[in-house]
Amino acid sequence: VIIHSTFLDAARFSQLKPLIQAACARGVTFDLLWGAEKDEETAARNGAAASSIAQIVREDRDMRGRFRIHMRTTGSHAKVILVDTPSDGWVAGIGSCNWLSSPFQSVELSVLLRDQHLVADVASALQRLTGRRGLADSIATEMAITARDMRRSPKVGGNARVSIVVGDAHDGILRTASGTAEHRFVIGSNRLGSTARPGALLQGEVAARRDGLRSVVLYTQPSGPLKNRHAQALEEEARADGVVLVKTKKIPLHGKFALWDNDDLVVTSLNWASASADPDFPWGEIGVHINAPNIASHSLARLEAIFPMLNSSSV
């Protein structure tokens, strides 16, 4: 099992410890990677958590030697889990959840991938993510070999098209979505930041210019220099441009997604309304784009049950 979490928390690890111990006792090996380094304080806090988790592992008979925590940050905001299974081969999870720090009190979105060619793309992303830490990296080498082996699997047909999204491909896919959406365009972001206006809101405006199209940007909290008063001002400006910018209420959203019309959904680690991808570090943000019959409409229905403000009759 390979886990990449942006943040770490020793208390959360202790809560998961019985499950991890049981897996280690069965012979499962874990590699825990983390990537938070937005400032010195955050990096120091996560480095301290990594040290605490390493101490817990060293003192445990089952986990010692089977749970490896990597002490160097990857610098990535991606949330990825990769696991080999006896029935489905390798399975990959991509989403918004910080696996080793989340108390699971917010709404998260994740996608599980079982097609071996798609999972190979995830393994390749992990290879590049970890390989940048040095000339020789055991995880990077293992992922390169694993991805090569998975690509030898027979290709399976189906009615869905799925692709891994990294780096500034996020910007390209959002522009495509805003330019082609016909009746709905919805973005979900945990944070609303200084890049919202030229990013998510601008694309929302592009989509909203078409008659009959509902354009919505959902967020949970202002970020960085933005305060609540700035967010309220942005909401008024967005409304004038045909975009519904709305904040969650009792239930927070930590998930990051974009969906349009009925058949297109992107789930990612990128906060569409507060951040932009770094073109020089594509693996800093990783997502997945699914085009499949009714995947967007089905996902939106589930989200509307949690966040009624997404429904046109509730805003």
# chains A, B, ... in the order shown; residues from 1 in each chain; ligands from 1
>>> closest_atom_pairs(of="range 233-260 of chain A", to="range 93-107 of chain A", cutoff="9 Å", atoms="only C-alpha atoms", output="tab-separated table")
residue	atom	partner	partner_atom	distance
A:Ile251	CA	A:Ser106	CA	6.6
A:Pro252	CA	A:Ser106	CA	5.0
A:Leu253	CA	A:Val107	CA	4.8
A:His254	CA	A:Val107	CA	5.7
A:Gly255	CA	A:Ser96	CA	5.1
A:Lys256	CA	A:Ser96	CA	6.2
A:Phe257	CA	A:Ser96	CA	8.9
>>> residues_around(residues="range 36-47 of chain A", least_positions_apart="4", cutoff="7 Å", atoms="only C-alpha atoms", output="list in words")
Thr6, Phe7, Leu8, Ser51, Met71, Thr73, Gly75, Ser76 and His77 of chain A
>>> residues_around(residues="Ile56 in chain A", least_positions_apart="3", cutoff="10 Å", atoms="only C-alpha atoms", output="PyMOL selection string")
chain A and resi 10+13-14+17+50-53+59-60+63-64
>>> write_last_selection(atoms="all heavy atoms", output="JSON list (two decimals), in the first residue's frame")
[["chain", "number", "residue", "atom", "x", "y", "z"],
["A", 10, "ALA", "N", -0.41, 12.64, 13.99],
["A", 10, "ALA", "CA", -0.09, 11.45, 14.76],
["A", 10, "ALA", "C", -1.31, 10.90, 15.50],
["A", 10, "ALA", "O", -1.47, 9.68, 15.64],
["A", 10, "ALA", "CB", 1.03, 11.76, 15.76],
["A", 13, "PHE", "N", -3.32, 8.94, 13.08],
["A", 13, "PHE", "CA", -2.65, 7.67, 12.82],
["A", 13, "PHE", "C", -2.93, 6.68, 13.95],
["A", 13, "PHE", "O", -3.17, 5.50, 13.71],
["A", 13, "PHE", "CB", -1.14, 7.89, 12.69],
["A", 13, "PHE", "CG", -0.37, 6.63, 12.47],
["A", 13, "PHE", "CD1", -0.26, 6.08, 11.20],
["A", 13, "PHE", "CD2", 0.24, 5.98, 13.53],
["A", 13, "PHE", "CE1", 0.44, 4.89, 11.00],
["A", 13, "PHE", "CE2", 0.94, 4.80, 13.34],
["A", 13, "PHE", "CZ", 1.04, 4.25, 12.06],
["A", 14, "SER", "N", -2.92, 7.16, 15.19],
["A", 14, "SER", "CA", -3.19, 6.29, 16.33],
["A", 14, "SER", "C", -4.59, 5.70, 16.26],
["A", 14, "SER", "O", -4.82, 4.54, 16.65],
["A", 14, "SER", "CB", -2.99, 7.06, 17.63],
["A", 14, "SER", "OG", -1.64, 7.45, 17.81],
["A", 17, "LYS", "N", -4.49, 2.94, 13.83],
["A", 17, "LYS", "CA", -3.45, 1.96, 14.15],
["A", 17, "LYS", "C", -3.95, 0.52, 14.18],
["A", 17, "LYS", "O", -3.29, -0.37, 13.62],
["A", 17, "LYS", "CB", -2.80, 2.34, 15.49],
["A", 17, "LYS", "CG", -1.67, 1.42, 15.92],
["A", 17, "LYS", "CD", -1.09, 1.88, 17.25],
["A", 17, "LYS", "CE", -0.07, 0.89, 17.78],
["A", 17, "LYS", "NZ", 0.48, 1.33, 19.09],
["A", 50, "ALA", "N", 5.43, 13.37, 11.30],
["A", 50, "ALA", "CA", 6.08, 12.22, 10.69],
["A", 50, "ALA", "C", 7.01, 11.54, 11.69],
["A", 50, "ALA", "O", 7.06, 10.30, 11.77],
["A", 50, "ALA", "CB", 6.86, 12.65, 9.45],
["A", 51, "SER", "N", 7.75, 12.33, 12.45],
["A", 51, "SER", "CA", 8.65, 11.76, 13.47],
["A", 51, "SER", "C", 7.87, 11.02, 14.54],
["A", 51, "SER", "O", 8.28, 9.94, 15.00],
["A", 51, "SER", "CB", 9.49, 12.88, 14.10],
["A", 51, "SER", "OG", 10.33, 13.48, 13.15],
["A", 52, "SER", "N", 6.72, 11.57, 14.95],
["A", 52, "SER", "CA", 5.90, 10.92, 15.97],
["A", 52, "SER", "C", 5.34, 9.59, 15.47],
["A", 52, "SER", "O", 5.32, 8.59, 16.19],
["A", 52, "SER", "CB", 4.75, 11.84, 16.39],
["A", 52, "SER", "OG", 5.24, 13.02, 16.99],
["A", 53, "ILE", "N", 4.89, 9.59, 14.22],
["A", 53, "ILE", "CA", 4.36, 8.35, 13.64],
["A", 53, "ILE", "C", 5.48, 7.31, 13.52],
["A", 53, "ILE", "O", 5.27, 6.12, 13.81],
["A", 53, "ILE", "CB", 3.72, 8.63, 12.27],
["A", 53, "ILE", "CG1", 2.47, 9.50, 12.44],
["A", 53, "ILE", "CG2", 3.35, 7.33, 11.56],
["A", 53, "ILE", "CD1", 1.88, 10.01, 11.15],
["A", 59, "GLU", "N", 7.98, 1.20, 17.83],
["A", 59, "GLU", "CA", 7.66, 0.56, 19.09],
["A", 59, "GLU", "C", 6.62, -0.54, 18.96],
["A", 59, "GLU", "O", 6.25, -1.16, 19.96],
["A", 59, "GLU", "CB", 7.18, 1.63, 20.09],
["A", 59, "GLU", "CG", 8.26, 2.64, 20.46],
["A", 59, "GLU", "CD", 7.73, 3.76, 21.31],
["A", 59, "GLU", "OE1", 6.49, 3.81, 21.51],
["A", 59, "GLU", "OE2", 8.53, 4.59, 21.79],
["A", 60, "ASP", "N", 6.14, -0.77, 17.75],
["A", 60, "ASP", "CA", 5.08, -1.77, 17.54],
["A", 60, "ASP", "C", 5.65, -2.99, 16.83],
["A", 60, "ASP", "O", 6.27, -2.89, 15.77],
["A", 60, "ASP", "CB", 3.94, -1.16, 16.71],
["A", 60, "ASP", "CG", 2.76, -2.10, 16.59],
["A", 60, "ASP", "OD1", 2.75, -2.91, 15.64],
["A", 60, "ASP", "OD2", 1.87, -2.03, 17.44],
["A", 63, "MET", "N", 3.96, -3.52, 13.16],
["A", 63, "MET", "CA", 4.21, -2.50, 12.14],
["A", 63, "MET", "C", 5.69, -2.31, 11.84],
["A", 63, "MET", "O", 6.06, -1.91, 10.73],
["A", 63, "MET", "CB", 3.58, -1.17, 12.57],
["A", 63, "MET", "CG", 2.07, -1.18, 12.62],
["A", 63, "MET", "SD", 1.36, 0.46, 12.88],
["A", 63, "MET", "CE", 1.94, 0.84, 14.54],
["A", 64, "ARG", "N", 6.53, -2.55, 12.82],
["A", 64, "ARG", "CA", 7.97, -2.31, 12.64],
["A", 64, "ARG", "C", 8.51, -3.13, 11.46],
["A", 64, "ARG", "O", 8.33, -4.34, 11.40],
["A", 64, "ARG", "CB", 8.72, -2.68, 13.92],
["A", 64, "ARG", "CG", 10.20, -2.34, 13.91],
["A", 64, "ARG", "CD", 10.82, -2.54, 15.27],
["A", 64, "ARG", "NE", 10.63, -3.90, 15.77],
["A", 64, "ARG", "CZ", 9.90, -4.21, 16.84],
["A", 64, "ARG", "NH1", 9.28, -3.26, 17.53],
["A", 64, "ARG", "NH2", 9.80, -5.47, 17.23]]
>>> atom_distance(atom1="CA of Asp263 in chain A", atom2="CA of Ser297 in chain A")
7.1 Å
>>> select_by_dssp(residues="range 60-280 of chain A", states="alpha helix (DSSP H)", output="ChimeraX atom specification")
/A:116-131,138-150,169-180,202-208,228-240
>>> closest_residue(among="A:Leu112, A:Leu192, A:Ala275, A:Ala11", to="Asn228 in chain A", atoms="only C-alpha atoms")
A:Leu192
>>> closest_atom_pairs(of="range 232-309 of chain A", to="range 218-224 of chain A", cutoff="8 Å", atoms="only C-alpha atoms", output="Markdown table")
| residue | atom | partner | partner_atom | distance |
| --- | --- | --- | --- | --- |
| A:Leu245 | CA | A:Leu218 | CA | 6.1 |
| A:Val246 | CA | A:Leu218 | CA | 5.1 |
| A:Lys247 | CA | A:Tyr219 | CA | 5.0 |
| A:Thr248 | CA | A:Thr220 | CA | 5.1 |
| A:Lys249 | CA | A:Thr220 | CA | 7.7 |
| A:Pro252 | CA | A:Thr220 | CA | 5.7 |
| A:Leu253 | CA | A:Thr220 | CA | 5.7 |
| A:His254 | CA | A:Thr220 | CA | 7.6 |
| A:Ala273 | CA | A:Tyr219 | CA | 7.8 |
| A:Ser274 | CA | A:Ser223 | CA | 7.1 |
>>> atom_distance(atom1="CA of Arg161 in chain A", atom2="CA of Asp261 in chain A")
15.6 Å
>>> closest_atom_pairs(of="range 142-208 of chain A", to="range 276-279 of chain A", cutoff="9 Å", atoms="only C-alpha atoms", output="Markdown table")
| residue | atom | partner | partner_atom | distance |
| --- | --- | --- | --- | --- |
| A:Val166 | CA | A:Ala277 | CA | 8.4 |
| A:Gly167 | CA | A:Ala277 | CA | 5.1 |
| A:Asp168 | CA | A:Ala277 | CA | 5.2 |
| A:Ala169 | CA | A:Ala277 | CA | 8.4 |
| A:His170 | CA | A:Ala277 | CA | 7.3 |
| A:Asp171 | CA | A:Ala277 | CA | 7.7 |
| A:Thr195 | CA | A:Ser276 | CA | 7.3 |
| A:Gly199 | CA | A:Ser276 | CA | 7.9 |
>>> atom_distance(atom1="CA of His183 in chain A", atom2="CA of Leu202 in chain A")
17.1 Å
>>> residues_around(residues="Gln21 in chain A", least_positions_apart="2", cutoff="10 Å", atoms="only C-alpha atoms", output="JSON, numbers by chain")
{"A": [16, 17, 18, 19, 23, 24, 25, 26, 27, 28, 57, 60, 61, 62, 63, 64, 66, 67]}
>>> residues_around(residues="Arg184 in chain A", least_positions_apart="2", cutoff="12 Å", atoms="only C-alpha atoms", output="NGL selection string")
:A and (177-182 or 186-187 or 204 or 206-217 or 243-244 or 258-265 or 296-297 or 300 or 310-312)
>>> write_last_selection(atoms="C-alpha atoms", output="compact mmCIF listing (two decimals), in the first residue's frame")
# COMPACT_ATOMS: atom_id res chain seq x y z
CA ALA A 177 -15.81 22.55 -19.79
CA SER A 178 -16.87 26.20 -19.58
CA GLY A 179 -16.78 26.49 -23.36
CA THR A 180 -18.79 23.36 -24.13
CA ALA A 181 -21.27 23.01 -21.25
CA GLU A 182 -24.87 23.30 -22.41
CA VAL A 186 -20.63 23.35 -11.28
CA ILE A 187 -17.35 23.74 -9.41
CA GLY A 204 -18.18 30.19 -14.62
CA VAL A 206 -17.99 32.07 -19.72
CA ALA A 207 -20.42 29.20 -19.24
CA ALA A 208 -23.18 31.46 -17.84
CA ARG A 209 -23.31 33.49 -21.07
CA ARG A 210 -25.29 30.71 -22.71
CA ASP A 211 -29.04 30.84 -22.29
CA GLY A 212 -30.52 28.27 -19.94
CA LEU A 213 -27.19 27.28 -18.37
CA ARG A 214 -26.84 27.29 -14.58
CA SER A 215 -23.32 28.13 -13.38
CA VAL A 216 -22.42 27.48 -9.72
CA VAL A 217 -19.23 27.72 -7.64
CA VAL A 243 -22.66 32.89 -11.58
CA VAL A 244 -24.05 31.58 -8.28
CA ALA A 258 -15.95 20.11 -11.46
CA LEU A 259 -18.93 18.74 -13.35
CA TRP A 260 -20.82 19.84 -16.39
CA ASP A 261 -23.95 18.71 -18.18
CA ASN A 262 -24.76 15.03 -17.52
CA ASP A 263 -21.70 13.03 -18.42
CA ASP A 264 -18.51 14.77 -17.25
CA LEU A 265 -16.96 14.83 -13.78
CA ALA A 296 -22.27 14.16 -13.50
CA SER A 297 -26.03 14.20 -12.96
CA LEU A 300 -24.78 16.24 -8.48
CA LEU A 310 -26.70 23.58 -5.24
CA ASN A 311 -30.30 23.16 -6.33
CA SER A 312 -31.65 26.03 -8.38
>>> select_by_dssp(residues="range 117-283 of chain A", states="strand (DSSP E or B)", output="MDAnalysis selection string")
chainID A and resid 161:166 184:192 214:222 243:247 253 256:260 264:268
>>> write_last_selection(atoms="C-alpha atoms", output="short mmCIF file (atom, residue, chain, number, x, y, z; two decimals), in the first residue's frame")
data_model
loop_
_atom_site.label_atom_id
_atom_site.label_comp_id
_atom_site.auth_asym_id
_atom_site.auth_seq_id
_atom_site.Cartn_x
_atom_site.Cartn_y
_atom_site.Cartn_z
CA ARG A 161 -13.58 7.46 -20.99
CA VAL A 162 -11.28 8.15 -18.06
CA SER A 163 -8.01 10.04 -17.87
CA ILE A 164 -5.62 11.18 -15.16
CA VAL A 165 -5.32 14.97 -14.84
CA VAL A 166 -2.07 16.51 -13.61
CA ARG A 184 -24.99 23.07 -16.13
CA PHE A 185 -21.50 23.97 -14.94
CA VAL A 186 -20.63 23.35 -11.28
CA ILE A 187 -17.35 23.74 -9.41
CA GLY A 188 -16.72 22.63 -5.84
CA SER A 189 -13.76 23.95 -3.85
CA ASN A 190 -12.85 23.80 -0.19
CA ARG A 191 -11.39 27.32 -0.28
CA LEU A 192 -12.13 30.64 -1.97
CA ARG A 214 -26.84 27.29 -14.58
CA SER A 215 -23.32 28.13 -13.38
CA VAL A 216 -22.42 27.48 -9.72
CA VAL A 217 -19.23 27.72 -7.64
CA LEU A 218 -19.51 26.13 -4.17
CA TYR A 219 -16.95 26.72 -1.43
CA THR A 220 -16.57 26.36 2.33
CA GLN A 221 -14.18 29.05 3.57
CA PRO A 222 -12.24 32.11 2.44
CA VAL A 243 -22.66 32.89 -11.58
CA VAL A 244 -24.05 31.58 -8.28
CA LEU A 245 -21.15 31.76 -5.82
CA VAL A 246 -22.38 30.11 -2.64
CA LYS A 247 -20.83 29.08 0.69
CA LEU A 253 -16.94 20.66 1.77
CA LYS A 256 -12.68 19.45 -5.06
CA PHE A 257 -14.68 18.73 -8.19
CA ALA A 258 -15.95 20.11 -11.46
CA LEU A 259 -18.93 18.74 -13.35
CA TRP A 260 -20.82 19.84 -16.39
CA ASP A 264 -18.51 14.77 -17.25
CA LEU A 265 -16.96 14.83 -13.78
CA VAL A 266 -13.49 15.76 -12.52
CA VAL A 267 -12.41 14.85 -8.97
CA THR A 268 -9.09 16.27 -7.90
#
>>> closest_atom_pairs(of="range 175-286 of chain A", to="range 79-91 of chain A", cutoff="10 Å", atoms="only C-alpha atoms", output="Markdown table")
| residue | atom | partner | partner_atom | distance |
| --- | --- | --- | --- | --- |
| A:Thr268 | CA | A:Lys79 | CA | 8.2 |
| A:Ser269 | CA | A:Lys79 | CA | 6.3 |
| A:Leu270 | CA | A:Lys79 | CA | 9.8 |
| A:Gly284 | CA | A:Lys79 | CA | 9.8 |
| A:Glu285 | CA | A:Lys79 | CA | 8.3 |
| A:Ile286 | CA | A:Lys79 | CA | 7.4 |
>>> decode(residues="range 259-306 of chain A", atoms="N, CA and C atoms", output="short mmCIF file (atom, residue, chain, number, x, y, z; two decimals), in the first residue's frame")
data_model
loop_
_atom_site.label_atom_id
_atom_site.label_comp_id
_atom_site.auth_asym_id
_atom_site.auth_seq_id
_atom_site.Cartn_x
_atom_site.Cartn_y
_atom_site.Cartn_z
N LEU A 259 -18.05 19.57 -12.53
CA LEU A 259 -18.93 18.74 -13.35
C LEU A 259 -19.72 19.63 -14.29
N TRP A 260 -20.03 19.07 -15.44
CA TRP A 260 -20.82 19.84 -16.39
C TRP A 260 -21.73 18.91 -17.18
N ASP A 261 -22.90 19.45 -17.50
CA ASP A 261 -23.95 18.71 -18.18
C ASP A 261 -24.21 17.37 -17.45
N ASN A 262 -24.39 16.28 -18.18
CA ASN A 262 -24.76 15.03 -17.52
C ASN A 262 -23.61 14.04 -17.37
N ASP A 263 -22.62 14.16 -18.25
CA ASP A 263 -21.70 13.03 -18.42
C ASP A 263 -20.24 13.30 -18.07
N ASP A 264 -19.91 14.46 -17.51
CA ASP A 264 -18.51 14.77 -17.25
C ASP A 264 -18.28 15.20 -15.81
N LEU A 265 -17.31 14.55 -15.17
CA LEU A 265 -16.96 14.83 -13.78
C LEU A 265 -15.45 14.78 -13.61
N VAL A 266 -14.90 15.77 -12.91
CA VAL A 266 -13.49 15.76 -12.52
C VAL A 266 -13.43 15.80 -11.00
N VAL A 267 -12.69 14.87 -10.41
CA VAL A 267 -12.41 14.85 -8.97
C VAL A 267 -10.91 15.02 -8.82
N THR A 268 -10.50 15.92 -7.94
CA THR A 268 -9.09 16.27 -7.90
C THR A 268 -8.67 16.76 -6.51
N SER A 269 -7.39 17.04 -6.37
CA SER A 269 -6.85 17.63 -5.15
C SER A 269 -6.76 19.15 -5.24
N LEU A 270 -6.98 19.69 -6.43
CA LEU A 270 -6.80 21.13 -6.67
C LEU A 270 -8.00 21.93 -6.18
N ASN A 271 -7.75 22.92 -5.37
CA ASN A 271 -8.79 23.86 -4.96
C ASN A 271 -9.02 24.84 -6.13
N TRP A 272 -10.03 24.53 -6.93
CA TRP A 272 -10.26 25.30 -8.15
C TRP A 272 -10.41 26.80 -7.88
N ALA A 273 -10.98 27.16 -6.72
CA ALA A 273 -11.30 28.57 -6.45
C ALA A 273 -10.28 29.26 -5.55
N SER A 274 -9.14 28.62 -5.30
CA SER A 274 -8.14 29.30 -4.46
C SER A 274 -6.71 29.02 -4.87
N ALA A 275 -6.52 28.19 -5.87
CA ALA A 275 -5.15 27.82 -6.24
C ALA A 275 -5.08 27.57 -7.74
N SER A 276 -3.87 27.60 -8.25
CA SER A 276 -3.62 27.23 -9.64
C SER A 276 -2.47 26.25 -9.67
N ALA A 277 -2.47 25.38 -10.64
CA ALA A 277 -1.44 24.36 -10.74
C ALA A 277 -0.11 24.98 -11.16
N ASP A 278 0.98 24.39 -10.70
CA ASP A 278 2.32 24.85 -11.04
C ASP A 278 2.78 24.12 -12.29
N PRO A 279 2.96 24.83 -13.41
CA PRO A 279 3.37 24.15 -14.65
C PRO A 279 4.75 23.50 -14.54
N ASP A 280 5.57 23.96 -13.60
CA ASP A 280 6.90 23.38 -13.43
C ASP A 280 6.89 22.16 -12.51
N PHE A 281 5.75 21.89 -11.88
CA PHE A 281 5.62 20.73 -10.99
C PHE A 281 4.25 20.11 -11.20
N PRO A 282 4.05 19.42 -12.33
CA PRO A 282 2.72 18.91 -12.68
C PRO A 282 2.13 17.99 -11.64
N TRP A 283 2.96 17.25 -10.91
CA TRP A 283 2.45 16.24 -9.98
C TRP A 283 2.12 16.84 -8.63
N GLY A 284 2.14 18.15 -8.55
CA GLY A 284 1.71 18.83 -7.34
C GLY A 284 0.21 18.72 -7.12
N GLU A 285 -0.55 18.50 -8.19
CA GLU A 285 -2.00 18.30 -8.11
C GLU A 285 -2.36 17.15 -9.05
N ILE A 286 -3.14 16.21 -8.56
CA ILE A 286 -3.52 15.05 -9.37
C ILE A 286 -5.03 14.83 -9.25
N GLY A 287 -5.67 14.63 -10.39
CA GLY A 287 -7.10 14.38 -10.42
C GLY A 287 -7.44 13.35 -11.47
N VAL A 288 -8.74 13.12 -11.66
CA VAL A 288 -9.20 12.16 -12.67
C VAL A 288 -10.46 12.71 -13.33
N HIS A 289 -10.51 12.64 -14.65
CA HIS A 289 -11.67 13.09 -15.43
C HIS A 289 -12.41 11.87 -15.94
N ILE A 290 -13.70 11.81 -15.65
CA ILE A 290 -14.55 10.70 -16.09
C ILE A 290 -15.63 11.24 -17.01
N ASN A 291 -15.72 10.67 -18.20
CA ASN A 291 -16.84 10.92 -19.11
C ASN A 291 -17.60 9.60 -19.22
N ALA A 292 -18.79 9.57 -18.65
CA ALA A 292 -19.60 8.35 -18.64
C ALA A 292 -21.06 8.75 -18.54
N PRO A 293 -21.96 7.94 -19.08
CA PRO A 293 -23.38 8.31 -19.06
C PRO A 293 -23.88 8.62 -17.65
N ASN A 294 -24.34 9.87 -17.47
CA ASN A 294 -25.01 10.34 -16.25
C ASN A 294 -24.10 10.40 -15.01
N ILE A 295 -22.79 10.32 -15.17
CA ILE A 295 -21.92 10.39 -14.01
C ILE A 295 -22.02 11.75 -13.32
N ALA A 296 -22.17 12.83 -14.09
CA ALA A 296 -22.27 14.16 -13.50
C ALA A 296 -23.63 14.37 -12.85
N SER A 297 -24.70 13.99 -13.52
CA SER A 297 -26.03 14.20 -12.96
C SER A 297 -26.24 13.35 -11.71
N HIS A 298 -25.71 12.12 -11.70
CA HIS A 298 -25.83 11.26 -10.53
C HIS A 298 -25.03 11.85 -9.36
N SER A 299 -23.81 12.32 -9.63
CA SER A 299 -22.98 12.90 -8.57
C SER A 299 -23.61 14.17 -8.02
N LEU A 300 -24.16 14.99 -8.92
CA LEU A 300 -24.78 16.24 -8.48
C LEU A 300 -26.00 15.95 -7.60
N ALA A 301 -26.78 14.94 -7.94
CA ALA A 301 -27.96 14.59 -7.13
C ALA A 301 -27.54 14.22 -5.71
N ARG A 302 -26.45 13.48 -5.58
CA ARG A 302 -25.96 13.11 -4.25
C ARG A 302 -25.44 14.33 -3.49
N LEU A 303 -24.78 15.23 -4.21
CA LEU A 303 -24.27 16.43 -3.57
C LEU A 303 -25.40 17.38 -3.16
N GLU A 304 -26.45 17.46 -3.99
CA GLU A 304 -27.59 18.32 -3.65
C GLU A 304 -28.30 17.85 -2.39
N ALA A 305 -28.26 16.54 -2.14
CA ALA A 305 -28.89 16.02 -0.92
C ALA A 305 -28.15 16.50 0.33
N ILE A 306 -26.85 16.77 0.16
CA ILE A 306 -26.03 17.27 1.27
C ILE A 306 -26.01 18.79 1.30
#
